[in-house]
file query02.pdb (PDB, N, CA and C atoms)
ATOM      1  N   MET Y   1      13.319  -3.742  -6.045  1.00  0.00           N
ATOM      2  CA  MET Y   1      12.453  -2.819  -5.349  1.00  0.00           C
ATOM      3  C   MET Y   1      11.345  -2.300  -6.260  1.00  0.00           C
ATOM      4  N   ARG Y   2      11.613  -2.287  -7.546  1.00  0.00           N
ATOM      5  CA  ARG Y   2      10.613  -1.795  -8.478  1.00  0.00           C
ATOM      6  C   ARG Y   2       9.392  -2.711  -8.502  1.00  0.00           C
ATOM      7  N   THR Y   3       9.617  -4.017  -8.356  1.00  0.00           N
ATOM      8  CA  THR Y   3       8.504  -4.967  -8.338  1.00  0.00           C
ATOM      9  C   THR Y   3       7.584  -4.689  -7.163  1.00  0.00           C
ATOM     10  N   PHE Y   4       8.166  -4.360  -6.015  1.00  0.00           N
ATOM     11  CA  PHE Y   4       7.362  -4.048  -4.832  1.00  0.00           C
ATOM     12  C   PHE Y   4       6.523  -2.802  -5.062  1.00  0.00           C
ATOM     13  N   ARG Y   5       7.085  -1.796  -5.720  1.00  0.00           N
ATOM     14  CA  ARG Y   5       6.340  -0.569  -5.994  1.00  0.00           C
ATOM     15  C   ARG Y   5       5.183  -0.837  -6.950  1.00  0.00           C
ATOM     16  N   ILE Y   6       5.403  -1.660  -7.966  1.00  0.00           N
ATOM     17  CA  ILE Y   6       4.338  -1.997  -8.908  1.00  0.00           C
ATOM     18  C   ILE Y   6       3.248  -2.790  -8.202  1.00  0.00           C
ATOM     19  N   PHE Y   7       3.657  -3.770  -7.383  1.00  0.00           N
ATOM     20  CA  PHE Y   7       2.691  -4.566  -6.632  1.00  0.00           C
ATOM     21  C   PHE Y   7       1.859  -3.679  -5.712  1.00  0.00           C
ATOM     22  N   THR Y   8       2.506  -2.734  -5.032  1.00  0.00           N
ATOM     23  CA  THR Y   8       1.792  -1.847  -4.114  1.00  0.00           C
ATOM     24  C   THR Y   8       0.805  -0.964  -4.868  1.00  0.00           C
ATOM     25  N   ALA Y   9       1.190  -0.463  -6.026  1.00  0.00           N
ATOM     26  CA  ALA Y   9       0.299   0.385  -6.819  1.00  0.00           C
ATOM     27  C   ALA Y   9      -0.915  -0.405  -7.310  1.00  0.00           C
ATOM     28  N   VAL Y  10      -0.687  -1.622  -7.793  1.00  0.00           N
ATOM     29  CA  VAL Y  10      -1.797  -2.444  -8.281  1.00  0.00           C
ATOM     30  C   VAL Y  10      -2.706  -2.847  -7.125  1.00  0.00           C
ATOM     31  N   TYR Y  11      -2.107  -3.219  -5.994  1.00  0.00           N
ATOM     32  CA  TYR Y  11      -2.882  -3.619  -4.820  1.00  0.00           C
ATOM     33  C   TYR Y  11      -3.720  -2.452  -4.290  1.00  0.00           C
ATOM     34  N   SER Y  12      -3.151  -1.264  -4.297  1.00  0.00           N
ATOM     35  CA  SER Y  12      -3.874  -0.083  -3.847  1.00  0.00           C
ATOM     36  C   SER Y  12      -5.066   0.208  -4.763  1.00  0.00           C
ATOM     37  N   ALA Y  13      -4.860   0.118  -6.065  1.00  0.00           N
ATOM     38  CA  ALA Y  13      -5.955   0.359  -7.011  1.00  0.00           C
ATOM     39  C   ALA Y  13      -7.040  -0.699  -6.870  1.00  0.00           C
ATOM     40  N   LEU Y  14      -6.646  -1.943  -6.678  1.00  0.00           N
ATOM     41  CA  LEU Y  14      -7.617  -3.017  -6.499  1.00  0.00           C
ATOM     42  C   LEU Y  14      -8.424  -2.831  -5.218  1.00  0.00           C
ATOM     43  N   MET Y  15      -7.758  -2.442  -4.142  1.00  0.00           N
ATOM     44  CA  MET Y  15      -8.460  -2.182  -2.887  1.00  0.00           C
ATOM     45  C   MET Y  15      -9.478  -1.053  -3.065  1.00  0.00           C
ATOM     46  N   PHE Y  16      -9.084  -0.001  -3.765  1.00  0.00           N
ATOM     47  CA  PHE Y  16      -9.984   1.126  -3.995  1.00  0.00           C
ATOM     48  C   PHE Y  16     -11.211   0.693  -4.783  1.00  0.00           C
ATOM     49  N   LEU Y  17     -11.000  -0.095  -5.838  1.00  0.00           N
ATOM     50  CA  LEU Y  17     -12.117  -0.537  -6.664  1.00  0.00           C
ATOM     51  C   LEU Y  17     -13.073  -1.451  -5.900  1.00  0.00           C
ATOM     52  N   VAL Y  18     -12.531  -2.337  -5.079  1.00  0.00           N
ATOM     53  CA  VAL Y  18     -13.386  -3.216  -4.279  1.00  0.00           C
ATOM     54  C   VAL Y  18     -14.169  -2.395  -3.255  1.00  0.00           C
ATOM     55  N   GLY Y  19     -13.527  -1.397  -2.660  1.00  0.00           N
ATOM     56  CA  GLY Y  19     -14.223  -0.528  -1.714  1.00  0.00           C
ATOM     57  C   GLY Y  19     -15.366   0.234  -2.358  1.00  0.00           C
ATOM     58  N   VAL Y  20     -15.124   0.773  -3.532  1.00  0.00           N
ATOM     59  CA  VAL Y  20     -16.181   1.487  -4.256  1.00  0.00           C
ATOM     60  C   VAL Y  20     -17.286   0.513  -4.664  1.00  0.00           C
ATOM     61  N   ALA Y  21     -16.919  -0.703  -5.050  1.00  0.00           N
ATOM     62  CA  ALA Y  21     -17.917  -1.707  -5.424  1.00  0.00           C
ATOM     63  C   ALA Y  21     -18.805  -2.066  -4.226  1.00  0.00           C
ATOM     64  N   LEU Y  22     -18.213  -2.158  -3.037  1.00  0.00           N
ATOM     65  CA  LEU Y  22     -19.020  -2.451  -1.849  1.00  0.00           C
ATOM     66  C   LEU Y  22     -19.997  -1.319  -1.547  1.00  0.00           C
ATOM     67  N   PHE Y  23     -19.543  -0.080  -1.707  1.00  0.00           N
ATOM     68  CA  PHE Y  23     -20.463   1.044  -1.533  1.00  0.00           C
ATOM     69  C   PHE Y  23     -21.576   1.005  -2.584  1.00  0.00           C
ATOM     70  N   ALA Y  24     -21.215   0.654  -3.819  1.00  0.00           N
ATOM     71  CA  ALA Y  24     -22.217   0.585  -4.884  1.00  0.00           C
ATOM     72  C   ALA Y  24     -23.228  -0.523  -4.613  1.00  0.00           C
ATOM     73  N   ILE Y  25     -22.758  -1.663  -4.108  1.00  0.00           N
ATOM     74  CA  ILE Y  25     -23.680  -2.749  -3.763  1.00  0.00           C
ATOM     75  C   ILE Y  25     -24.661  -2.289  -2.697  1.00  0.00           C
ATOM     76  N   TRP Y  26     -24.152  -1.598  -1.705  1.00  0.00           N
ATOM     77  CA  TRP Y  26     -25.021  -1.104  -0.631  1.00  0.00           C
ATOM     78  C   TRP Y  26     -26.084  -0.149  -1.182  1.00  0.00           C
ATOM     79  N   LEU Y  27     -25.655   0.761  -2.070  1.00  0.00           N
ATOM     80  CA  LEU Y  27     -26.603   1.742  -2.603  1.00  0.00           C
ATOM     81  C   LEU Y  27     -27.571   1.133  -3.607  1.00  0.00           C
ATOM     82  N   LEU Y  28     -27.083   0.264  -4.484  1.00  0.00           N
ATOM     83  CA  LEU Y  28     -27.943  -0.292  -5.525  1.00  0.00           C
ATOM     84  C   LEU Y  28     -28.946  -1.306  -4.980  1.00  0.00           C
ATOM     85  N   LEU Y  29     -28.537  -2.106  -4.017  1.00  0.00           N
ATOM     86  CA  LEU Y  29     -29.433  -3.128  -3.473  1.00  0.00           C
ATOM     87  C   LEU Y  29     -30.268  -2.620  -2.310  1.00  0.00           C
ATOM     88  N   ASP Y  30     -30.016  -1.399  -1.867  1.00  0.00           N
ATOM     89  CA  ASP Y  30     -30.755  -0.786  -0.760  1.00  0.00           C
ATOM     90  C   ASP Y  30     -30.770  -1.710   0.466  1.00  0.00           C
ATOM     91  N   LEU Y  31     -29.572  -2.055   0.906  1.00  0.00           N
ATOM     92  CA  LEU Y  31     -29.430  -2.977   2.029  1.00  0.00           C
ATOM     93  C   LEU Y  31     -29.729  -2.282   3.353  1.00  0.00           C
ATOM     94  N   HIS Y  32     -30.158  -3.062   4.334  1.00  0.00           N
ATOM     95  CA  HIS Y  32     -30.440  -2.555   5.675  1.00  0.00           C
ATOM     96  C   HIS Y  32     -29.867  -3.520   6.696  1.00  0.00           C
ATOM     97  N   GLY Y  33     -29.614  -3.008   7.881  1.00  0.00           N
ATOM     98  CA  GLY Y  33     -29.158  -3.859   8.973  1.00  0.00           C
ATOM     99  C   GLY Y  33     -27.690  -4.236   8.856  1.00  0.00           C
ATOM    100  N   PHE Y  34     -27.396  -5.500   9.166  1.00  0.00           N
ATOM    101  CA  PHE Y  34     -26.011  -5.971   9.179  1.00  0.00           C
ATOM    102  C   PHE Y  34     -25.333  -5.879   7.810  1.00  0.00           C
ATOM    103  N   PRO Y  35     -25.979  -6.299   6.707  1.00  0.00           N
ATOM    104  CA  PRO Y  35     -25.310  -6.185   5.399  1.00  0.00           C
ATOM    105  C   PRO Y  35     -24.953  -4.740   5.039  1.00  0.00           C
ATOM    106  N   LYS Y  36     -25.822  -3.805   5.438  1.00  0.00           N
ATOM    107  CA  LYS Y  36     -25.532  -2.388   5.175  1.00  0.00           C
ATOM    108  C   LYS Y  36     -24.277  -1.962   5.918  1.00  0.00           C
ATOM    109  N   GLY Y  37     -24.189  -2.299   7.202  1.00  0.00           N
ATOM    110  CA  GLY Y  37     -23.018  -1.944   7.992  1.00  0.00           C
ATOM    111  C   GLY Y  37     -21.762  -2.629   7.505  1.00  0.00           C
ATOM    112  N   LEU Y  38     -21.917  -3.875   7.066  1.00  0.00           N
ATOM    113  CA  LEU Y  38     -20.772  -4.608   6.538  1.00  0.00           C
ATOM    114  C   LEU Y  38     -20.227  -3.946   5.279  1.00  0.00           C
ATOM    115  N   CYS Y  39     -21.126  -3.594   4.359  1.00  0.00           N
ATOM    116  CA  CYS Y  39     -20.689  -2.947   3.114  1.00  0.00           C
ATOM    117  C   CYS Y  39     -20.093  -1.565   3.382  1.00  0.00           C
ATOM    118  N   GLN Y  40     -20.705  -0.811   4.289  1.00  0.00           N
ATOM    119  CA  GLN Y  40     -20.181   0.518   4.599  1.00  0.00           C
ATOM    120  C   GLN Y  40     -18.816   0.424   5.276  1.00  0.00           C
ATOM    121  N   GLY Y  41     -18.703  -0.432   6.266  1.00  0.00           N
ATOM    122  CA  GLY Y  41     -17.453  -0.542   7.013  1.00  0.00           C
ATOM    123  C   GLY Y  41     -16.313  -1.087   6.185  1.00  0.00           C
ATOM    124  N   ALA Y  42     -16.589  -2.172   5.472  1.00  0.00           N
ATOM    125  CA  ALA Y  42     -15.539  -2.771   4.643  1.00  0.00           C
ATOM    126  C   ALA Y  42     -15.156  -1.850   3.489  1.00  0.00           C
ATOM    127  N   GLY Y  43     -16.156  -1.226   2.869  1.00  0.00           N
ATOM    128  CA  GLY Y  43     -15.862  -0.297   1.766  1.00  0.00           C
ATOM    129  C   GLY Y  43     -15.051   0.893   2.227  1.00  0.00           C
ATOM    130  N   GLY Y  44     -15.435   1.454   3.362  1.00  0.00           N
ATOM    131  CA  GLY Y  44     -14.679   2.595   3.897  1.00  0.00           C
ATOM    132  C   GLY Y  44     -13.267   2.213   4.288  1.00  0.00           C
ATOM    133  N   ALA Y  45     -13.113   1.053   4.929  1.00  0.00           N
ATOM    134  CA  ALA Y  45     -11.778   0.611   5.344  1.00  0.00           C
ATOM    135  C   ALA Y  45     -10.888   0.343   4.131  1.00  0.00           C
ATOM    136  N   LEU Y  46     -11.442  -0.256   3.101  1.00  0.00           N
ATOM    137  CA  LEU Y  46     -10.650  -0.529   1.895  1.00  0.00           C
ATOM    138  C   LEU Y  46     -10.254   0.760   1.176  1.00  0.00           C
ATOM    139  N   ILE Y  47     -11.155   1.721   1.115  1.00  0.00           N
ATOM    140  CA  ILE Y  47     -10.826   2.986   0.453  1.00  0.00           C
ATOM    141  C   ILE Y  47      -9.760   3.740   1.248  1.00  0.00           C
ATOM    142  N   VAL Y  48      -9.919   3.811   2.560  1.00  0.00           N
ATOM    143  CA  VAL Y  48      -8.922   4.501   3.392  1.00  0.00           C
ATOM    144  C   VAL Y  48      -7.575   3.789   3.315  1.00  0.00           C
ATOM    145  N   GLY Y  49      -7.591   2.467   3.352  1.00  0.00           N
ATOM    146  CA  GLY Y  49      -6.334   1.708   3.242  1.00  0.00           C
ATOM    147  C   GLY Y  49      -5.653   1.905   1.905  1.00  0.00           C
ATOM    148  N   SER Y  50      -6.433   1.962   0.835  1.00  0.00           N
ATOM    149  CA  SER Y  50      -5.829   2.156  -0.485  1.00  0.00           C
ATOM    150  C   SER Y  50      -5.235   3.556  -0.626  1.00  0.00           C
ATOM    151  N   VAL Y  51      -5.901   4.546  -0.064  1.00  0.00           N
ATOM    152  CA  VAL Y  51      -5.349   5.907  -0.102  1.00  0.00           C
ATOM    153  C   VAL Y  51      -4.062   5.975   0.708  1.00  0.00           C
ATOM    154  N   TYR Y  52      -4.025   5.308   1.854  1.00  0.00           N
ATOM    155  CA  TYR Y  52      -2.809   5.273   2.666  1.00  0.00           C
ATOM    156  C   TYR Y  52      -1.655   4.636   1.886  1.00  0.00           C
ATOM    157  N   LEU Y  53      -1.907   3.504   1.236  1.00  0.00           N
ATOM    158  CA  LEU Y  53      -0.851   2.851   0.455  1.00  0.00           C
ATOM    159  C   LEU Y  53      -0.376   3.739  -0.692  1.00  0.00           C
ATOM    160  N   ALA Y  54      -1.316   4.381  -1.375  1.00  0.00           N
ATOM    161  CA  ALA Y  54      -0.942   5.246  -2.502  1.00  0.00           C
ATOM    162  C   ALA Y  54      -0.120   6.444  -2.034  1.00  0.00           C
ATOM    163  N   VAL Y  55      -0.502   7.038  -0.911  1.00  0.00           N
ATOM    164  CA  VAL Y  55       0.232   8.208  -0.410  1.00  0.00           C
ATOM    165  C   VAL Y  55       1.636   7.806   0.040  1.00  0.00           C
ATOM    166  N   THR Y  56       1.767   6.683   0.737  1.00  0.00           N
ATOM    167  CA  THR Y  56       3.109   6.253   1.146  1.00  0.00           C
ATOM    168  C   THR Y  56       3.957   5.885  -0.059  1.00  0.00           C
ATOM    169  N   LEU Y  57       3.343   5.359  -1.099  1.00  0.00           N
ATOM    170  CA  LEU Y  57       4.080   5.039  -2.318  1.00  0.00           C
ATOM    171  C   LEU Y  57       4.617   6.301  -2.976  1.00  0.00           C
ATOM    172  N   VAL Y  58       3.803   7.347  -3.016  1.00  0.00           N
ATOM    173  CA  VAL Y  58       4.221   8.606  -3.640  1.00  0.00           C
ATOM    174  C   VAL Y  58       5.241   9.334  -2.763  1.00  0.00           C
ATOM    175  N   ARG Y  59       5.048   9.311  -1.445  1.00  0.00           N
ATOM    176  CA  ARG Y  59       5.955  10.038  -0.552  1.00  0.00           C
ATOM    177  C   ARG Y  59       7.356   9.438  -0.515  1.00  0.00           C
ATOM    178  N   ARG Y  60       7.457   8.132  -0.733  1.00  0.00           N
ATOM    179  CA  ARG Y  60       8.787   7.512  -0.765  1.00  0.00           C
ATOM    180  C   ARG Y  60       9.587   7.974  -1.969  1.00  0.00           C
ATOM    181  N   GLY Y  61       8.900   8.375  -2.997  1.00  0.00           N
ATOM    182  CA  GLY Y  61       9.579   8.866  -4.182  1.00  0.00           C
ATOM    183  C   GLY Y  61      10.159   7.743  -5.004  1.00  0.00           C
ATOM    184  N   ASN Y  62      11.028   8.106  -5.889  1.00  0.00           N
ATOM    185  CA  ASN Y  62      11.627   7.131  -6.793  1.00  0.00           C
ATOM    186  C   ASN Y  62      13.056   6.834  -6.371  1.00  0.00           C
ATOM    187  N   THR Y  63      13.284   6.631  -5.100  1.00  0.00           N
ATOM    188  CA  THR Y  63      14.622   6.314  -4.630  1.00  0.00           C
ATOM    189  C   THR Y  63      14.903   4.853  -4.892  1.00  0.00           C
ATOM    190  N   ASP Y  64      16.018   4.612  -5.499  1.00  0.00           N
ATOM    191  CA  ASP Y  64      16.417   3.250  -5.816  1.00  0.00           C
ATOM    192  C   ASP Y  64      17.758   2.984  -5.155  1.00  0.00           C
ATOM    193  N   SER Y  65      17.927   1.820  -4.609  1.00  0.00           N
ATOM    194  CA  SER Y  65      19.130   1.517  -3.846  1.00  0.00           C
ATOM    195  C   SER Y  65      20.254   0.967  -4.704  1.00  0.00           C
ATOM    196  N   ARG Y  66      20.123   0.984  -6.001  1.00  0.00           N
ATOM    197  CA  ARG Y  66      21.190   0.464  -6.859  1.00  0.00           C
ATOM    198  C   ARG Y  66      22.406   1.376  -6.797  1.00  0.00           C
ATOM    199  N   GLY Y  67      23.559   0.766  -6.747  1.00  0.00           N
ATOM    200  CA  GLY Y  67      24.789   1.535  -6.755  1.00  0.00           C
ATOM    201  C   GLY Y  67      25.231   2.023  -5.400  1.00  0.00           C
ATOM    202  N   ARG Y  68      24.550   1.706  -4.361  1.00  0.00           N
ATOM    203  CA  ARG Y  68      24.928   2.141  -3.026  1.00  0.00           C
ATOM    204  C   ARG Y  68      25.564   0.988  -2.278  1.00  0.00           C
ATOM    205  N   GLU Y  69      26.563   1.295  -1.524  1.00  0.00           N
ATOM    206  CA  GLU Y  69      27.194   0.296  -0.675  1.00  0.00           C
ATOM    207  C   GLU Y  69      26.517   0.295   0.675  1.00  0.00           C
ATOM    208  N   TYR Y  70      26.131  -0.860   1.119  1.00  0.00           N
ATOM    209  CA  TYR Y  70      25.543  -0.975   2.447  1.00  0.00           C
ATOM    210  C   TYR Y  70      26.655  -1.160   3.471  1.00  0.00           C
ATOM    211  N   TRP Y  71      26.438  -0.642   4.640  1.00  0.00           N
ATOM    212  CA  TRP Y  71      27.417  -0.737   5.696  1.00  0.00           C
ATOM    213  C   TRP Y  71      27.421  -2.145   6.261  1.00  0.00           C
ATOM    214  N   LEU Y  72      28.608  -2.736   6.330  1.00  0.00           N
ATOM    215  CA  LEU Y  72      28.749  -4.069   6.890  1.00  0.00           C
ATOM    216  C   LEU Y  72      29.723  -4.017   8.048  1.00  0.00           C
ATOM    217  N   PRO Y  73      29.336  -4.477   9.214  1.00  0.00           N
ATOM    218  CA  PRO Y  73      30.232  -4.434  10.355  1.00  0.00           C
ATOM    219  C   PRO Y  73      31.493  -5.260  10.133  1.00  0.00           C
ATOM    220  N   SER Y  74      31.420  -6.317   9.340  1.00  0.00           N
ATOM    221  CA  SER Y  74      32.588  -7.160   9.117  1.00  0.00           C
ATOM    222  C   SER Y  74      33.674  -6.428   8.337  1.00  0.00           C
ATOM    223  N   ARG Y  75      33.318  -5.514   7.458  1.00  0.00           N
ATOM    224  CA  ARG Y  75      34.311  -4.763   6.704  1.00  0.00           C
ATOM    225  C   ARG Y  75      34.961  -3.672   7.567  1.00  0.00           C
ATOM    226  N   ASP Y  76      34.221  -3.128   8.515  1.00  0.00           N
ATOM    227  CA  ASP Y  76      34.754  -2.063   9.354  1.00  0.00           C
ATOM    228  C   ASP Y  76      35.631  -2.593  10.483  1.00  0.00           C
ATOM    229  N   ALA Y  77      35.576  -3.869  10.767  1.00  0.00           N
ATOM    230  CA  ALA Y  77      36.321  -4.425  11.902  1.00  0.00           C
ATOM    231  C   ALA Y  77      37.830  -4.307  11.700  1.00  0.00           C
ATOM    232  N   GLY Y  78      38.300  -4.448  10.487  1.00  0.00           N
ATOM    233  CA  GLY Y  78      39.736  -4.401  10.228  1.00  0.00           C
ATOM    234  C   GLY Y  78      40.276  -2.991  10.019  1.00  0.00           C
ATOM    235  N   GLU Y  79      39.451  -1.986   9.940  1.00  0.00           N
ATOM    236  CA  GLU Y  79      39.883  -0.609   9.644  1.00  0.00           C
ATOM    237  C   GLU Y  79      39.818   0.253  10.899  1.00  0.00           C
ATOM    238  N   GLN Y  80      40.635  -0.072  11.866  1.00  0.00           N
ATOM    239  CA  GLN Y  80      40.662   0.740  13.079  1.00  0.00           C
ATOM    240  C   GLN Y  80      41.781   1.770  12.985  1.00  0.00           C
ATOM    241  N   PRO Y  81      41.547   3.006  13.391  1.00  0.00           N
ATOM    242  CA  PRO Y  81      42.577   4.056  13.262  1.00  0.00           C
ATOM    243  C   PRO Y  81      43.699   3.907  14.256  1.00  0.00           C
TER     244      PRO Y  81
END
call {"tool": "encode", "arguments": {"input": "query02.pdb", "output": "structure tokens"}}
result
Amino acid sequence: MRTFRIFTAVYSALMFLVGVALFAIWLLLDLHGFPKGLCQGAGGALIVGSVYLAVTLVRRGNTDSRGREYWLPSRDAGEQP
């Protein structure tokens, strides 16, 4: 599970950087029309998506499933009161 958390953190940071880069391209090149809308929309969507991933990563906390027994219906079948 730790690998997934690291992947999510790196992916979120990469999405944020690409979103900021798209906004910077729009501002530095002074784009108009379709390219302007494309850079604004894609940049905004990537930034919002990266913030969503980062917040869900933090809200889940550092819960690790090691040492826990998962419930299996096959084990409970023989233990009837």
call {"tool": "atom_distance", "arguments": {"input": "query02.pdb", "atom1": "atom N of Y:Leu17", "atom2": "atom C of Y:Ile47"}}
result
8.2 Å
call {"tool": "closest_residue", "arguments": {"input": "query02.pdb", "among": "Y:Ser50, Y:Trp26, Y:Lys36, Y:Ala42", "to": "Y:Tyr11", "atoms": "only N, CA and C atoms"}}
result
Y:Ser50
call {"tool": "closest_residue", "arguments": {"input": "query02.pdb", "among": "Y:Arg60, Y:Asp30, Y:Gly19, Y:Ala9", "to": "Y:Val48", "atoms": "all atoms listed in the file"}}
result
Y:Gly19
call {"tool": "atom_distance", "arguments": {"input": "query02.pdb", "atom1": "atom CA of Y:Val55", "atom2": "atom CA of Y:Ala13"}}
result
12.0 Å
call {"tool": "resolve_selection", "arguments": {"input": "query02.pdb", "expression": "the PyMOL selection byres ((chain Y and resi 43) around 6)", "output": "mmCIF file with N, CA and C atoms, in the frame of the given file"}}
result
data_model
loop_
_atom_site.group_PDB
_atom_site.id
_atom_site.type_symbol
_atom_site.label_atom_id
_atom_site.label_comp_id
_atom_site.auth_asym_id
_atom_site.auth_seq_id
_atom_site.Cartn_x
_atom_site.Cartn_y
_atom_site.Cartn_z
ATOM 1 N N VAL Y 18 -12.531 -2.337 -5.079
ATOM 2 C CA VAL Y 18 -13.386 -3.216 -4.279
ATOM 3 C C VAL Y 18 -14.169 -2.395 -3.255
ATOM 4 N N GLY Y 19 -13.527 -1.397 -2.660
ATOM 5 C CA GLY Y 19 -14.223 -0.528 -1.714
ATOM 6 C C GLY Y 19 -15.366 0.234 -2.358
ATOM 7 N N VAL Y 20 -15.124 0.773 -3.532
ATOM 8 C CA VAL Y 20 -16.181 1.487 -4.256
ATOM 9 C C VAL Y 20 -17.286 0.513 -4.664
ATOM 10 N N LEU Y 22 -18.213 -2.158 -3.037
ATOM 11 C CA LEU Y 22 -19.020 -2.451 -1.849
ATOM 12 C C LEU Y 22 -19.997 -1.319 -1.547
ATOM 13 N N PHE Y 23 -19.543 -0.080 -1.707
ATOM 14 C CA PHE Y 23 -20.463 1.044 -1.533
ATOM 15 C C PHE Y 23 -21.576 1.005 -2.584
ATOM 16 N N LEU Y 38 -21.917 -3.875 7.066
ATOM 17 C CA LEU Y 38 -20.772 -4.608 6.538
ATOM 18 C C LEU Y 38 -20.227 -3.946 5.279
ATOM 19 N N CYS Y 39 -21.126 -3.594 4.359
ATOM 20 C CA CYS Y 39 -20.689 -2.947 3.114
ATOM 21 C C CYS Y 39 -20.093 -1.565 3.382
ATOM 22 N N GLN Y 40 -20.705 -0.811 4.289
ATOM 23 C CA GLN Y 40 -20.181 0.518 4.599
ATOM 24 C C GLN Y 40 -18.816 0.424 5.276
ATOM 25 N N GLY Y 41 -18.703 -0.432 6.266
ATOM 26 C CA GLY Y 41 -17.453 -0.542 7.013
ATOM 27 C C GLY Y 41 -16.313 -1.087 6.185
ATOM 28 N N ALA Y 42 -16.589 -2.172 5.472
ATOM 29 C CA ALA Y 42 -15.539 -2.771 4.643
ATOM 30 C C ALA Y 42 -15.156 -1.850 3.489
ATOM 31 N N GLY Y 44 -15.435 1.454 3.362
ATOM 32 C CA GLY Y 44 -14.679 2.595 3.897
ATOM 33 C C GLY Y 44 -13.267 2.213 4.288
ATOM 34 N N ALA Y 45 -13.113 1.053 4.929
ATOM 35 C CA ALA Y 45 -11.778 0.611 5.344
ATOM 36 C C ALA Y 45 -10.888 0.343 4.131
ATOM 37 N N LEU Y 46 -11.442 -0.256 3.101
ATOM 38 C CA LEU Y 46 -10.650 -0.529 1.895
ATOM 39 C C LEU Y 46 -10.254 0.760 1.176
ATOM 40 N N ILE Y 47 -11.155 1.721 1.115
ATOM 41 C CA ILE Y 47 -10.826 2.986 0.453
ATOM 42 C C ILE Y 47 -9.760 3.740 1.248
ATOM 43 N N VAL Y 48 -9.919 3.811 2.560
ATOM 44 C CA VAL Y 48 -8.922 4.501 3.392
ATOM 45 C C VAL Y 48 -7.575 3.789 3.315
#
call {"tool": "closest_residue", "arguments": {"input": "query02.pdb", "among": "Y:Ala54, Y:Arg59, Y:Ala24, Y:Leu31", "to": "Y:Thr8", "atoms": "all atoms listed in the file"}}
result
Y:Ala54
call {"tool": "atom_distance", "arguments": {"input": "query02.pdb", "atom1": "atom N of Y:Phe4", "atom2": "atom CA of Y:Phe16"}}
result
19.1 Å
call {"tool": "closest_residue", "arguments": {"input": "query02.pdb", "among": "Y:Gly49, Y:Arg2, Y:Leu29, Y:Pro35", "to": "Y:Met15", "atoms": "only N, CA and C atoms"}}
result
Y:Gly49
call {"tool": "axis_aligned_box", "arguments": {"input": "query02.pdb", "around": "stretch 32-37 of chain Y", "padding_each_side": "3 Å", "output": "AutoDock Vina command-line options"}}
result
--center_x -26.1 --center_y -4.1 --center_z 6.8 --size_x 14.7 --size_y 10.4 --size_z 10.8
call {"tool": "decode", "arguments": {"input": "query02.pdb", "residues": "stretch 13-37 of chain Y", "atoms": "C-alpha atoms", "output": "short mmCIF file (atom, residue, chain, number, x, y, z; two decimals), in the first residue's frame"}}
result
data_model
loop_
_atom_site.label_atom_id
_atom_site.label_comp_id
_atom_site.auth_asym_id
_atom_site.auth_seq_id
_atom_site.Cartn_x
_atom_site.Cartn_y
_atom_site.Cartn_z
CA ALA Y 13 2.82 16.77 -7.90
CA LEU Y 14 3.41 16.07 -11.59
CA MET Y 15 -0.17 16.99 -12.46
CA PHE Y 16 0.18 20.25 -10.52
CA LEU Y 17 3.42 21.16 -12.29
CA VAL Y 18 1.99 20.43 -15.74
CA GLY Y 19 -1.08 22.51 -14.90
CA VAL Y 20 1.04 25.46 -13.80
CA ALA Y 21 3.20 25.04 -16.92
CA LEU Y 22 0.10 25.23 -19.14
CA PHE Y 23 -0.97 28.44 -17.41
CA ALA Y 24 2.56 29.81 -17.85
CA ILE Y 25 2.53 28.93 -21.56
CA TRP Y 26 -0.75 30.76 -21.97
CA LEU Y 27 0.56 33.86 -20.18
CA LEU Y 28 4.05 33.93 -21.69
CA LEU Y 29 3.00 33.30 -25.30
CA ASP Y 30 -0.07 35.56 -25.05
CA LEU Y 31 -2.30 33.01 -26.72
CA HIS Y 32 -5.79 33.81 -28.01
CA GLY Y 33 -8.75 31.78 -29.17
CA PHE Y 34 -8.74 27.99 -29.00
CA PRO Y 35 -5.14 27.56 -27.69
CA LYS Y 36 -5.91 30.01 -24.87
CA GLY Y 37 -9.01 28.06 -23.85
#
